[in-house]
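entry_7.pdb follows (PDB, C-alpha atoms and all ligand atoms):
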ATOM      1  CA  MET S   1      -1.465  -1.680  32.229
ATOM      2  CA  ASN S   2      -2.992  -4.329  29.970
ATOM      3  CA  PRO S   3      -0.820  -6.871  28.113
ATOM      4  CA  SER S   4      -1.248  -4.999  24.848
ATOM      5  CA  GLU S   5       0.090  -1.719  26.289
ATOM      6  CA  GLN S   6       2.963  -3.539  28.010
ATOM      7  CA  GLY S   7       3.986  -5.341  24.810
ATOM      8  CA  GLN S   8       3.732  -2.233  22.712
ATOM      9  CA  SER S   9       5.758   0.086  24.925
ATOM     10  CA  ARG S  10       8.549  -2.487  25.425
ATOM     11  CA  ALA S  11       8.723  -3.254  21.711
ATOM     12  CA  GLU S  12       8.783   0.466  20.876
ATOM     13  CA  LYS S  13      11.578   1.108  23.410
ATOM     14  CA  ASP S  14      13.646  -1.829  22.094
ATOM     15  CA  ALA S  15      13.194  -0.695  18.504
ATOM     16  CA  SER S  16      14.315   2.887  19.197
ATOM     17  CA  GLN S  17      17.359   1.645  21.207
ATOM     18  CA  ALA S  18      18.313  -0.637  18.305
ATOM     19  CA  GLU S  19      18.013   2.287  15.905
ATOM     20  CA  ASP S  20      20.390   4.410  18.093
ATOM     21  CA  VAL S  21      22.996   1.629  18.271
ATOM     22  CA  PHE S  22      22.818   1.046  14.522
ATOM     23  CA  ALA S  23      23.296   4.779  13.862
ATOM     24  CA  ARG S  24      26.392   4.902  16.162
ATOM     25  CA  GLU S  25      27.956   1.779  14.606
ATOM     26  CA  GLN S  26      27.274   3.077  11.120
ATOM     27  CA  ALA S  27      29.091   6.352  11.942
ATOM     28  CA  ALA S  28      32.106   4.435  13.345
ATOM     29  CA  LEU S  29      32.228   2.191  10.253
ATOM     30  CA  ASP S  30      32.110   5.237   7.976
ATOM     31  CA  GLU S  31      35.058   6.763   9.897
ATOM     32  CA  ALA S  32      37.098   3.566   9.546
ATOM     33  CA  ALA S  33      36.225   3.349   5.838
ATOM     34  CA  VAL S  34      37.494   6.928   5.280
ATOM     35  CA  ILE S  35      40.871   5.950   6.764
ATOM     36  CA  LEU S  36      41.105   2.778   4.648
ATOM     37  CA  GLU S  37      40.159   4.619   1.473
ATOM     38  CA  ASN S  38      42.822   7.279   2.032
ATOM     39  CA  GLU S  39      45.654   6.479  -0.412
ATOM     40  CA  ASN S  40      48.183   8.366   1.723
ATOM     41  CA  ALA S  41      47.342   6.584   4.979
ATOM     42  CA  SER S  42      50.340   5.147   6.853
ATOM     43  CA  GLY S  43      50.617   1.442   7.763
ATOM     44  CA  ASP S  44      49.781   2.244  11.410
ATOM     45  CA  GLU S  45      46.699   4.212  10.345
ATOM     46  CA  LEU S  46      45.522   1.392   8.066
ATOM     47  CA  ARG S  47      46.016  -1.180  10.862
ATOM     48  CA  ALA S  48      44.071   1.058  13.276
ATOM     49  CA  GLY S  49      41.285   1.436  10.680
ATOM     50  CA  LEU S  50      41.038  -2.327  10.145
ATOM     51  CA  LYS S  51      41.040  -2.990  13.895
ATOM     52  CA  SER S  52      38.273  -0.465  14.371
ATOM     53  CA  MET S  53      36.282  -2.075  11.551
ATOM     54  CA  ARG S  54      36.611  -5.518  13.097
ATOM     55  CA  ARG S  55      35.402  -4.120  16.447
ATOM     56  CA  GLN S  56      32.345  -2.526  14.792
ATOM     57  CA  TYR S  57      31.661  -5.758  12.899
ATOM     58  CA  GLU S  58      31.707  -7.778  16.140
ATOM     59  CA  ARG S  59      29.387  -5.239  17.803
ATOM     60  CA  LEU S  60      26.981  -5.416  14.871
ATOM     61  CA  LEU S  61      27.021  -9.213  15.074
ATOM     62  CA  ARG S  62      26.134  -9.032  18.784
ATOM     63  CA  LEU S  63      23.412  -6.511  18.028
ATOM     64  CA  SER S  64      21.961  -8.692  15.296
ATOM     65  CA  ARG S  65      21.802 -11.642  17.739
ATOM     66  CA  ARG S  66      20.100  -9.383  20.301
ATOM     67  CA  LEU S  67      17.583  -8.231  17.640
ATOM     68  CA  THR S  68      16.751 -11.840  16.778
ATOM     69  CA  GLU S  69      16.099 -12.501  20.473
ATOM     70  CA  MET S  70      13.954  -9.353  20.676
ATOM     71  CA  SER S  71      11.927 -10.348  17.643
ATOM     72  CA  ASP S  72      11.342 -13.805  19.167
ATOM     73  CA  THR S  73      10.155 -12.117  22.385
ATOM     74  CA  SER S  74       7.872  -9.707  20.466
ATOM     75  CA  HIS S  75       6.450 -12.626  18.490
ATOM     76  CA  ARG S  76       5.770 -14.566  21.704
ATOM     77  CA  GLU S  77       4.153 -11.507  23.304
ATOM     78  CA  LEU S  78       2.006 -10.949  20.190
ATOM     79  CA  MET S  79       0.886 -14.584  20.307
ATOM     80  CA  GLU S  80      -0.019 -14.183  23.995
ATOM     81  CA  ILE S  81      -2.024 -11.014  23.284
ATOM     82  CA  THR S  82      -3.828 -12.701  20.366
ATOM     83  CA  GLU S  83      -4.635 -15.699  22.558
ATOM     84  CA  PHE S  84      -5.903 -13.377  25.299
ATOM     85  CA  LYS S  85      -8.097 -11.499  22.769
ATOM     86  CA  ASN S  86      -9.562 -14.736  21.384
ATOM     87  CA  HIS S  87     -10.218 -16.053  24.865
ATOM     88  CA  LEU S  88     -11.919 -12.791  25.883
ATOM     89  CA  MET S  89     -13.991 -12.668  22.688
ATOM     90  CA  GLY S  90     -15.109 -16.291  23.068
ATOM     91  CA  MET S  91     -15.874 -15.888  26.780
ATOM     92  CA  ALA S  92     -17.837 -12.657  26.291
ATOM     93  CA  ALA S  93     -19.857 -14.094  23.409
ATOM     94  CA  HIS S  94     -20.560 -17.312  25.332
ATOM     95  CA  ASP S  95     -21.579 -15.572  28.579
ATOM     96  CA  ILE S  96     -23.792 -12.972  26.906
ATOM     97  CA  ARG S  97     -25.449 -15.601  24.711
ATOM     98  CA  ALA S  98     -27.237 -17.367  27.565
ATOM     99  CA  PRO S  99     -29.148 -14.350  29.014
ATOM    100  CA  VAL S 100     -30.010 -13.042  25.531
ATOM    101  CA  GLY S 101     -31.320 -16.518  24.648
ATOM    102  CA  ILE S 102     -33.522 -16.465  27.771
ATOM    103  CA  MET S 103     -34.867 -12.981  26.903
ATOM    104  CA  MET S 104     -35.674 -14.223  23.396
ATOM    105  CA  GLY S 105     -37.369 -17.318  24.755
ATOM    106  CA  PHE S 106     -39.620 -15.263  27.047
ATOM    107  CA  SER S 107     -40.519 -12.784  24.323
ATOM    108  CA  GLN S 108     -41.480 -15.712  22.073
ATOM    109  CA  ILE S 109     -43.702 -17.207  24.818
ATOM    110  CA  LEU S 110     -45.382 -13.819  25.281
ATOM    111  CA  LEU S 111     -45.822 -13.399  21.502
ATOM    112  CA  ALA S 112     -47.570 -16.780  21.318
ATOM    113  CA  ASP S 113     -50.275 -15.278  23.621
ATOM    114  CA  SER S 114     -50.377 -12.023  21.730
ATOM    115  CA  GLU S 115     -54.194 -11.699  21.906
ATOM    116  CA  GLU S 116     -53.708 -10.766  25.575
ATOM    117  CA  PHE S 117     -51.693  -7.692  24.594
ATOM    118  CA  THR S 118     -52.581  -4.424  22.981
ATOM    119  CA  GLU S 119     -51.404  -3.893  19.421
ATOM    120  CA  GLN S 120     -48.640  -1.588  20.617
ATOM    121  CA  GLN S 121     -47.418  -4.095  23.220
ATOM    122  CA  SER S 122     -47.272  -6.794  20.516
ATOM    123  CA  VAL S 123     -45.242  -4.452  18.285
ATOM    124  CA  PHE S 124     -42.781  -3.847  21.152
ATOM    125  CA  LEU S 125     -42.522  -7.587  21.846
ATOM    126  CA  GLU S 126     -41.796  -8.279  18.191
ATOM    127  CA  LYS S 127     -39.099  -5.582  18.273
ATOM    128  CA  ILE S 128     -37.490  -7.214  21.326
ATOM    129  CA  ARG S 129     -37.542 -10.596  19.544
ATOM    130  CA  LYS S 130     -36.036  -9.169  16.358
ATOM    131  CA  GLN S 131     -33.268  -7.278  18.167
ATOM    132  CA  GLY S 132     -32.530 -10.384  20.258
ATOM    133  CA  GLU S 133     -32.210 -12.417  17.082
ATOM    134  CA  GLY S 134     -29.685  -9.880  15.729
ATOM    135  CA  VAL S 135     -27.628  -9.993  18.955
ATOM    136  CA  LEU S 136     -27.653 -13.819  18.935
ATOM    137  CA  GLY S 137     -26.448 -13.827  15.307
ATOM    138  CA  LEU S 138     -23.625 -11.443  16.177
ATOM    139  CA  LEU S 139     -22.615 -13.488  19.241
ATOM    140  CA  ASP S 140     -22.602 -16.691  17.167
ATOM    141  CA  ASP S 141     -20.329 -15.001  14.624
ATOM    142  CA  LEU S 142     -17.982 -13.815  17.393
ATOM    143  CA  LEU S 143     -17.884 -17.310  18.884
ATOM    144  CA  THR S 144     -17.104 -18.914  15.513
ATOM    145  CA  LEU S 145     -14.464 -16.271  14.814
ATOM    146  CA  SER S 146     -12.773 -16.821  18.180
ATOM    147  CA  GLN S 147     -12.788 -20.592  17.506
ATOM    148  CA  THR S 148     -11.262 -20.184  14.051
ATOM    149  CA  GLU S 149      -8.655 -17.678  15.312
ATOM    150  CA  SER S 150      -7.609 -19.899  18.203
ATOM    151  CA  GLY S 151      -7.523 -22.998  15.979
ATOM    152  CA  SER S 152     -10.250 -24.707  18.015
ATOM    153  CA  LEU S 153     -12.852 -24.834  15.225
ATOM    154  CA  THR S 154     -13.754 -28.488  14.905
ATOM    155  CA  LEU S 155     -15.561 -29.908  11.893
ATOM    156  CA  ASP S 156     -18.246 -32.521  12.269
ATOM    157  CA  PRO S 157     -18.328 -34.131   8.813
ATOM    158  CA  ALA S 158     -21.095 -36.444   7.642
ATOM    159  CA  GLU S 159     -22.694 -37.416   4.352
ATOM    160  CA  PHE S 160     -25.496 -35.135   3.145
ATOM    161  CA  ASP S 161     -27.215 -33.904  -0.011
ATOM    162  CA  LEU S 162     -25.350 -30.732  -1.046
ATOM    163  CA  THR S 163     -27.884 -29.886  -3.762
ATOM    164  CA  GLU S 164     -30.744 -30.101  -1.281
ATOM    165  CA  LEU S 165     -28.859 -27.921   1.226
ATOM    166  CA  LEU S 166     -28.372 -25.215  -1.415
ATOM    167  CA  ARG S 167     -32.066 -25.459  -2.423
ATOM    168  CA  GLU S 168     -33.114 -25.001   1.226
ATOM    169  CA  LEU S 169     -30.846 -21.973   1.644
ATOM    170  CA  ILE S 170     -32.064 -20.417  -1.601
ATOM    171  CA  GLU S 171     -35.680 -20.876  -0.476
ATOM    172  CA  SER S 172     -35.097 -19.289   2.935
ATOM    173  CA  ASN S 173     -33.318 -16.306   1.303
ATOM    174  CA  ARG S 174     -36.044 -16.025  -1.363
ATOM    175  CA  ILE S 175     -38.457 -14.510   1.180
ATOM    176  CA  ILE S 176     -36.214 -11.476   1.774
ATOM    177  CA  ALA S 177     -35.163 -11.363  -1.908
ATOM    178  CA  GLU S 178     -38.797 -11.165  -3.069
ATOM    179  CA  LYS S 179     -39.460  -8.302  -0.664
ATOM    180  CA  LYS S 180     -36.570  -6.475  -2.362
ATOM    181  CA  ARG S 181     -37.723  -7.558  -5.849
ATOM    182  CA  ILE S 182     -34.556  -9.563  -6.434
ATOM    183  CA  VAL S 183     -34.829 -12.834  -8.362
ATOM    184  CA  LEU S 184     -32.925 -15.856  -7.075
ATOM    185  CA  ASP S 185     -32.073 -18.182  -9.910
ATOM    186  CA  ASP S 186     -30.377 -21.559  -9.513
ATOM    187  CA  ARG S 187     -28.456 -24.023 -11.667
ATOM    188  CA  LEU S 188     -27.658 -26.931  -9.415
ATOM    189  CA  ALA S 189     -25.968 -30.169 -10.411
ATOM    190  CA  GLU S 190     -26.836 -33.212  -8.291
ATOM    191  CA  TYR S 191     -24.511 -34.037  -5.392
ATOM    192  CA  PRO S 192     -26.623 -36.274  -3.135
ATOM    193  CA  GLN S 193     -23.732 -37.736  -1.143
ATOM    194  CA  PHE S 194     -21.368 -34.947  -0.216
ATOM    195  CA  TYR S 195     -19.100 -35.536   2.801
ATOM    196  CA  ALA S 196     -18.409 -32.397   4.890
ATOM    197  CA  ASP S 197     -19.689 -30.409   7.890
ATOM    198  CA  ARG S 198     -23.244 -29.613   6.759
ATOM    199  CA  GLU S 199     -23.921 -26.959   9.395
ATOM    200  CA  ARG S 200     -20.693 -25.075   8.732
ATOM    201  CA  LEU S 201     -21.171 -25.164   4.957
ATOM    202  CA  ALA S 202     -24.744 -23.948   5.458
ATOM    203  CA  GLN S 203     -23.191 -20.949   7.290
ATOM    204  CA  VAL S 204     -20.868 -20.367   4.297
ATOM    205  CA  PHE S 205     -23.498 -20.510   1.537
ATOM    206  CA  ASN S 206     -26.174 -18.722   3.565
ATOM    207  CA  ASN S 207     -23.741 -15.869   4.021
ATOM    208  CA  LEU S 208     -22.839 -15.649   0.327
ATOM    209  CA  ILE S 209     -26.458 -15.864  -0.853
ATOM    210  CA  GLY S 210     -27.483 -13.452   1.917
ATOM    211  CA  ASN S 211     -24.810 -10.952   0.821
ATOM    212  CA  ALA S 212     -25.940 -11.194  -2.818
ATOM    213  CA  VAL S 213     -29.415 -10.151  -1.653
ATOM    214  CA  LYS S 214     -28.121  -7.653   0.900
ATOM    215  CA  TYR S 215     -25.887  -5.717  -1.505
ATOM    216  CA  SER S 216     -28.095  -5.746  -4.636
ATOM    217  CA  PRO S 217     -30.676  -3.207  -5.746
ATOM    218  CA  ALA S 218     -34.232  -4.094  -6.815
ATOM    219  CA  GLU S 219     -34.976  -5.667 -10.219
ATOM    220  CA  THR S 220     -31.722  -7.630 -10.321
ATOM    221  CA  THR S 221     -31.002 -11.363 -10.411
ATOM    222  CA  ALA S 222     -28.625 -13.396  -8.275
ATOM    223  CA  ARG S 223     -27.640 -16.812  -9.577
ATOM    224  CA  ILE S 224     -26.438 -19.727  -7.447
ATOM    225  CA  SER S 225     -24.744 -22.591  -9.311
ATOM    226  CA  LEU S 226     -23.348 -25.941  -8.283
ATOM    227  CA  ASP S 227     -21.000 -27.559 -10.799
ATOM    228  CA  PRO S 228     -18.213 -30.116 -10.940
ATOM    229  CA  GLY S 229     -14.749 -28.616 -10.333
ATOM    230  CA  ALA S 230     -12.502 -27.896 -13.338
ATOM    231  CA  ASP S 231     -10.505 -31.113 -12.951
ATOM    232  CA  GLY S 232     -13.604 -33.117 -12.018
ATOM    233  CA  GLU S 233     -12.184 -33.710  -8.530
ATOM    234  CA  GLY S 234     -14.074 -31.107  -6.568
ATOM    235  CA  VAL S 235     -17.251 -29.047  -6.620
ATOM    236  CA  LEU S 236     -17.730 -25.386  -7.469
ATOM    237  CA  VAL S 237     -20.419 -23.298  -5.816
ATOM    238  CA  THR S 238     -20.804 -19.906  -7.452
ATOM    239  CA  VAL S 239     -22.905 -16.987  -6.283
ATOM    240  CA  VAL S 240     -23.174 -14.260  -8.912
ATOM    241  CA  ASP S 241     -25.077 -11.033  -8.314
ATOM    242  CA  GLN S 242     -25.831  -7.856 -10.271
ATOM    243  CA  GLY S 243     -25.311  -5.746  -7.168
ATOM    244  CA  LEU S 244     -23.151  -2.854  -5.999
ATOM    245  CA  GLY S 245     -19.811  -4.538  -6.735
ATOM    246  CA  ILE S 246     -16.681  -4.299  -4.595
ATOM    247  CA  PRO S 247     -14.052  -1.564  -5.163
ATOM    248  CA  PRO S 248     -10.657  -3.050  -6.257
ATOM    249  CA  ASP S 249      -8.919  -1.690  -3.123
ATOM    250  CA  ASP S 250     -11.314  -3.635  -0.914
ATOM    251  CA  ILE S 251     -11.191  -6.984  -2.724
ATOM    252  CA  GLU S 252      -8.263  -8.342  -0.647
ATOM    253  CA  LYS S 253      -9.606  -6.909   2.586
ATOM    254  CA  ILE S 254     -13.212  -8.143   2.633
ATOM    255  CA  PHE S 255     -12.131 -11.469   4.132
ATOM    256  CA  ARG S 256     -10.587  -9.714   7.165
ATOM    257  CA  PRO S 257     -12.700  -9.598  10.339
ATOM    258  CA  PHE S 258     -14.747  -6.388  10.683
ATOM    259  CA  HIS S 259     -13.762  -5.019   7.266
ATOM    260  CA  ARG S 260     -16.650  -3.304   5.499
ATOM    261  CA  THR S 261     -16.544  -1.430   2.221
ATOM    262  CA  ALA S 262     -18.431   1.775   1.449
ATOM    263  CA  ASN S 263     -21.315  -0.466   0.244
ATOM    264  CA  ARG S 264     -24.309  -0.321   2.509
ATOM    265  CA  PRO S 265     -27.048  -2.982   2.572
ATOM    266  CA  THR S 266     -29.750  -1.940   0.111
ATOM    267  CA  GLY S 267     -32.633  -2.872   2.430
ATOM    268  CA  GLY S 268     -31.317  -1.516   5.749
ATOM    269  CA  GLU S 269     -30.064  -4.975   6.842
ATOM    270  CA  LYS S 270     -27.386  -5.316   9.537
ATOM    271  CA  SER S 271     -23.710  -5.362   8.580
ATOM    272  CA  THR S 272     -20.860  -6.271  10.931
ATOM    273  CA  GLY S 273     -18.062  -7.172   8.522
ATOM    274  CA  LEU S 274     -17.694 -10.592  10.150
ATOM    275  CA  GLY S 275     -19.471 -12.894   7.675
ATOM    276  CA  LEU S 276     -16.846 -13.304   4.954
ATOM    277  CA  SER S 277     -13.948 -13.717   7.396
ATOM    278  CA  ILE S 278     -15.806 -16.686   8.889
ATOM    279  CA  VAL S 279     -16.760 -17.987   5.433
ATOM    280  CA  LYS S 280     -13.106 -18.035   4.347
ATOM    281  CA  ARG S 281     -11.924 -19.831   7.473
ATOM    282  CA  ILE S 282     -14.647 -22.502   7.240
ATOM    283  CA  VAL S 283     -13.904 -23.089   3.536
ATOM    284  CA  GLU S 284     -10.179 -23.382   4.288
ATOM    285  CA  ALA S 285     -10.879 -25.752   7.189
ATOM    286  CA  HIS S 286     -12.470 -27.998   4.502
ATOM    287  CA  ASP S 287      -9.272 -27.650   2.382
ATOM    288  CA  GLY S 288     -11.253 -25.531  -0.072
ATOM    289  CA  THR S 289     -10.670 -22.097  -1.595
ATOM    290  CA  ILE S 290     -12.794 -18.994  -2.089
ATOM    291  CA  ARG S 291     -12.233 -16.287  -4.673
ATOM    292  CA  VAL S 292     -14.074 -13.175  -5.735
ATOM    293  CA  GLU S 293     -14.278 -11.195  -8.949
ATOM    294  CA  SER S 294     -16.197  -7.961  -8.916
ATOM    295  CA  GLU S 295     -16.879  -4.780 -10.794
ATOM    296  CA  VAL S 296     -18.318  -1.688  -9.135
ATOM    297  CA  GLY S 297     -21.844  -1.007 -10.368
ATOM    298  CA  LYS S 298     -22.018  -4.339 -12.212
ATOM    299  CA  GLY S 299     -21.893  -7.055  -9.586
ATOM    300  CA  SER S 300     -19.811  -9.735  -7.922
ATOM    301  CA  ARG S 301     -19.021 -13.399  -8.351
ATOM    302  CA  PHE S 302     -17.969 -15.469  -5.339
ATOM    303  CA  THR S 303     -16.618 -18.949  -6.156
ATOM    304  CA  VAL S 304     -16.116 -21.629  -3.526
ATOM    305  CA  GLU S 305     -14.204 -24.731  -4.552
ATOM    306  CA  LEU S 306     -14.391 -27.741  -2.266
ATOM    307  CA  PRO S 307     -12.685 -31.112  -2.597
ATOM    308  CA  ILE S 308     -14.830 -34.232  -2.763
ATOM    309  CA  ARG S 309     -14.150 -36.505   0.188
ATOM    310  CA  SER S 310     -15.582 -39.902   0.865
ATOM    311  CA  ALA S 311     -16.882 -41.037   4.244
ATOM    312  CA  PRO S 312     -14.278 -43.113   6.136
TER     313      PRO S 312
HETATM  314  P1  LIG S 401     -21.271  -7.773   6.486
HETATM  315  O1  LIG S 401     -22.126  -8.062   5.288
HETATM  316  O2  LIG S 401     -21.925  -8.194   7.765
HETATM  317  O3  LIG S 401     -20.808  -6.351   6.560
HETATM  318  P2  LIG S 401     -19.238  -9.522   5.311
HETATM  319  O4  LIG S 401     -17.955  -9.967   5.936
HETATM  320  O5  LIG S 401     -20.160 -10.580   4.831
HETATM  321  O6  LIG S 401     -19.937  -8.617   6.411
HETATM  322  O7  LIG S 401     -18.888  -8.568   4.090
HETATM  323  C1  LIG S 401     -17.846  -7.603   4.236
HETATM  324  C2  LIG S 401     -18.113  -6.421   3.336
HETATM  325  O8  LIG S 401     -17.933  -6.788   1.962
HETATM  326  C3  LIG S 401     -19.542  -5.914   3.425
HETATM  327  O9  LIG S 401     -19.662  -4.964   4.459
HETATM  328  C4  LIG S 401     -19.745  -5.290   2.039
HETATM  329  O10 LIG S 401     -19.256  -3.974   2.057
HETATM  330  C5  LIG S 401     -18.861  -6.127   1.141
HETATM  331  N1  LIG S 401     -19.629  -7.173   0.411
HETATM  332  C6  LIG S 401     -19.791  -8.464   0.751
HETATM  333  N2  LIG S 401     -20.507  -9.147  -0.153
HETATM  334  C7  LIG S 401     -20.812  -8.259  -1.130
HETATM  335  C8  LIG S 401     -21.537  -8.351  -2.372
HETATM  336  N3  LIG S 401     -22.090  -9.490  -2.806
HETATM  337  N4  LIG S 401     -21.649  -7.209  -3.115
HETATM  338  C9  LIG S 401     -21.086  -6.045  -2.712
HETATM  339  N5  LIG S 401     -20.390  -5.897  -1.560
HETATM  340  C10 LIG S 401     -20.248  -6.988  -0.771
END
Would you mind writing the structure in this file as structure tokens?
Amino acid sequence: MNPSEQGQSRAEKDASQAEDVFAREQAALDEAAVILENENASGDELRAGLKSMRRQYERLLRLSRRLTEMSDTSHRELMEITEFKNHLMGMAAHDIRAPVGIMMGFSQILLADSEEFTEQQSVFLEKIRKQGEGVLGLLDDLLTLSQTESGSLTLDPAEFDLTELLRELIESNRIIAEKKRIVLDDRLAEYPQFYADRERLAQVFNNLIGNAVKYSPAETTARISLDPGADGEGVLVTVVDQGLGIPPDDIEKIFRPFHRTANRPTGGEKSTGLGLSIVKRIVEAHDGTIRVESEVGKGSRFTVELPIRSAP
């Protein structure tokens, strides 16, 4: 039996036992209350009723202590299961990453000599490379998620040009956007000396810009802006699209791992439901916030607010 099954069956058994005891005590209390409420009850009957009530009260007190203990145990077991899941997820992603990386490396070496292959062989090699790239992306997401879940995500802050980072990300997403006839527009204020983890923030903004392209139809515009925060103390990065929009019921859930809405990528891109959960955790690790406003059929606006820190 795995830890999850063990935890579940014990918790279920405890809960149903507690329910039985509560039902019995409730019945006894009701009986005692009937005696006490009876205007014609004799002194002996009233004393017996009170005594019985005190007994039930003491039993309920004991039961409540036992329930507190049980809930502490369930909480501990849940923490152990979560830790086990994170460990397993991180280990699997890490161990699969190496061989997939090697396969990718070899397919790239072979592709560099592609004149030695037939056209069909080159097509197959390119397919292997592309699939490998997808698997590596997924494994990286799983690794980051397991780090954020287990609290072992470490930030490596340094000073960098935030405006330039956003320009680079917009340019790399422009290639796919142009293929889908989506315009990427930018309004970027200058922040040449931003202090944060550049690589992690690149993951955040690449995901948001990527999603704007992924979930928008042709002939639309996505706008990326960088502005000072409302109180002048932070920065605001906004990604606004004219895409599919997110149904109200899904708005709260899109930041949960593996949650996907009924929206499907408009160009057949991959979708795992992991991106935004990682985005949120990285933003929060920087003491920032992320919010989303959206209207189905009209588009979405993701706003990331980050504090300005100075290098120590
Ligand atoms: P993925 O895109 O890999 O599925 P995400 O965590 O980035 O994972 O997004 C979760 C879900 O939220 C997506 O599956 C999609 O349904 C929805 N979503 C995210 N961004 C947008 C957007 N800009 N417009 C419409 N739907 C979106």
*asked:* Can you translate the PyMOL selection byres (((chain S and resi 183-199) around 7) and not hetatm) into the concrete residues it hits in this file, as a list in words?
replied: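 Written out, the selection comes to Leu155, Asp156, Pro157, Ala158, Glu159, Phe160, Asp161, Leu162, Thr163, Arg174, Ala177, Glu178, Arg181, Ile182, Arg200, Leu201, Ala202, Gln203, Thr220, Thr221, Ala222, Arg223, Ile224, Ser225, Leu226, Asp227, Arg309, Ser310 and Ala311 of chain S.
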*Let me know the residues the PyMOL selection byres (((not hetatm)) within 7 of (chain S and resi 401)) catches in the file above, as an MDAnalysis selection string.*
chainID S and resid 207:208 211:212 215:216 241 243:246 254:255 257:264 270:277 299:300
*I need the residue set behind the PyMOL selection byres (((chain S and resi 31) around 12) and not hetatm) for this file; please write it as a list in words.*
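So the PyMOL selection byres (((chain S and resi 31) around 12) and not hetatm), applied here, picks out Arg24, Glu25, Gln26, Ala27, Ala28, Leu29, Asp30, Ala32, Ala33, Val34, Ile35, Leu36, Glu37, Asn38, Glu45, Leu46, Ala48, Gly49, Leu50, Ser52, Met53 and Gln56 of chain S.
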_Report, in Å with one decimal, the straight-line distance from atom CA of Ile170 of chain S to atom CA of Leu136 of chain S._
22.0 Å
_Atom pair atom CA of Lys179 of chain S / atom CA of Thr238 of chain S: separation (Å)_ = 23.0 Å
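Proximity to Gly90 of chain S at 7 Å, evaluated using only C-alpha atoms and with sequence-adjacent residues fewer than 5 positions away removed, yields Leu142, Leu143 and Ser146 of chain S.
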Take segment 213-224 of chain S, model N, CA and C atoms, and hand the result over as a JSON list (two decimals), in the frame of the given file.
[["chain", "number", "residue", "atom", "x", "y", "z"],
["S", 213, "VAL", "N", -28.12, -10.82, -1.81],
["S", 213, "VAL", "CA", -29.42, -10.15, -1.65],
["S", 213, "VAL", "C", -29.23, -8.80, -0.93],
["S", 214, "LYS", "N", -28.33, -8.84, 0.05],
["S", 214, "LYS", "CA", -28.12, -7.65, 0.90],
["S", 214, "LYS", "C", -27.51, -6.48, 0.13],
["S", 215, "TYR", "N", -26.61, -6.80, -0.82],
["S", 215, "TYR", "CA", -25.89, -5.72, -1.50],
["S", 215, "TYR", "C", -26.31, -5.56, -2.96],
["S", 216, "SER", "N", -27.60, -5.93, -3.27],
["S", 216, "SER", "CA", -28.10, -5.75, -4.64],
["S", 216, "SER", "C", -29.33, -4.85, -4.62],
["S", 217, "PRO", "N", -29.47, -4.03, -5.65],
["S", 217, "PRO", "CA", -30.68, -3.21, -5.75],
["S", 217, "PRO", "C", -31.85, -4.02, -6.32],
["S", 218, "ALA", "N", -33.03, -3.43, -6.30],
["S", 218, "ALA", "CA", -34.23, -4.09, -6.82],
["S", 218, "ALA", "C", -34.08, -4.38, -8.30],
["S", 219, "GLU", "N", -34.91, -5.30, -8.79],
["S", 219, "GLU", "CA", -34.98, -5.67, -10.22],
["S", 219, "GLU", "C", -33.65, -6.25, -10.72],
["S", 220, "THR", "N", -32.95, -6.95, -9.87],
["S", 220, "THR", "CA", -31.72, -7.63, -10.32],
["S", 220, "THR", "C", -31.89, -9.13, -10.07],
["S", 221, "THR", "N", -30.95, -9.91, -10.58],
["S", 221, "THR", "CA", -31.00, -11.36, -10.41],
["S", 221, "THR", "C", -29.70, -11.83, -9.78],
["S", 222, "ALA", "N", -29.82, -12.75, -8.82],
["S", 222, "ALA", "CA", -28.62, -13.40, -8.28],
["S", 222, "ALA", "C", -28.71, -14.87, -8.63],
["S", 223, "ARG", "N", -27.61, -15.40, -9.15],
["S", 223, "ARG", "CA", -27.64, -16.81, -9.58],
["S", 223, "ARG", "C", -26.70, -17.67, -8.72],
["S", 224, "ILE", "N", -27.24, -18.80, -8.26],
["S", 224, "ILE", "CA", -26.44, -19.73, -7.45],
["S", 224, "ILE", "C", -26.25, -21.00, -8.27]]
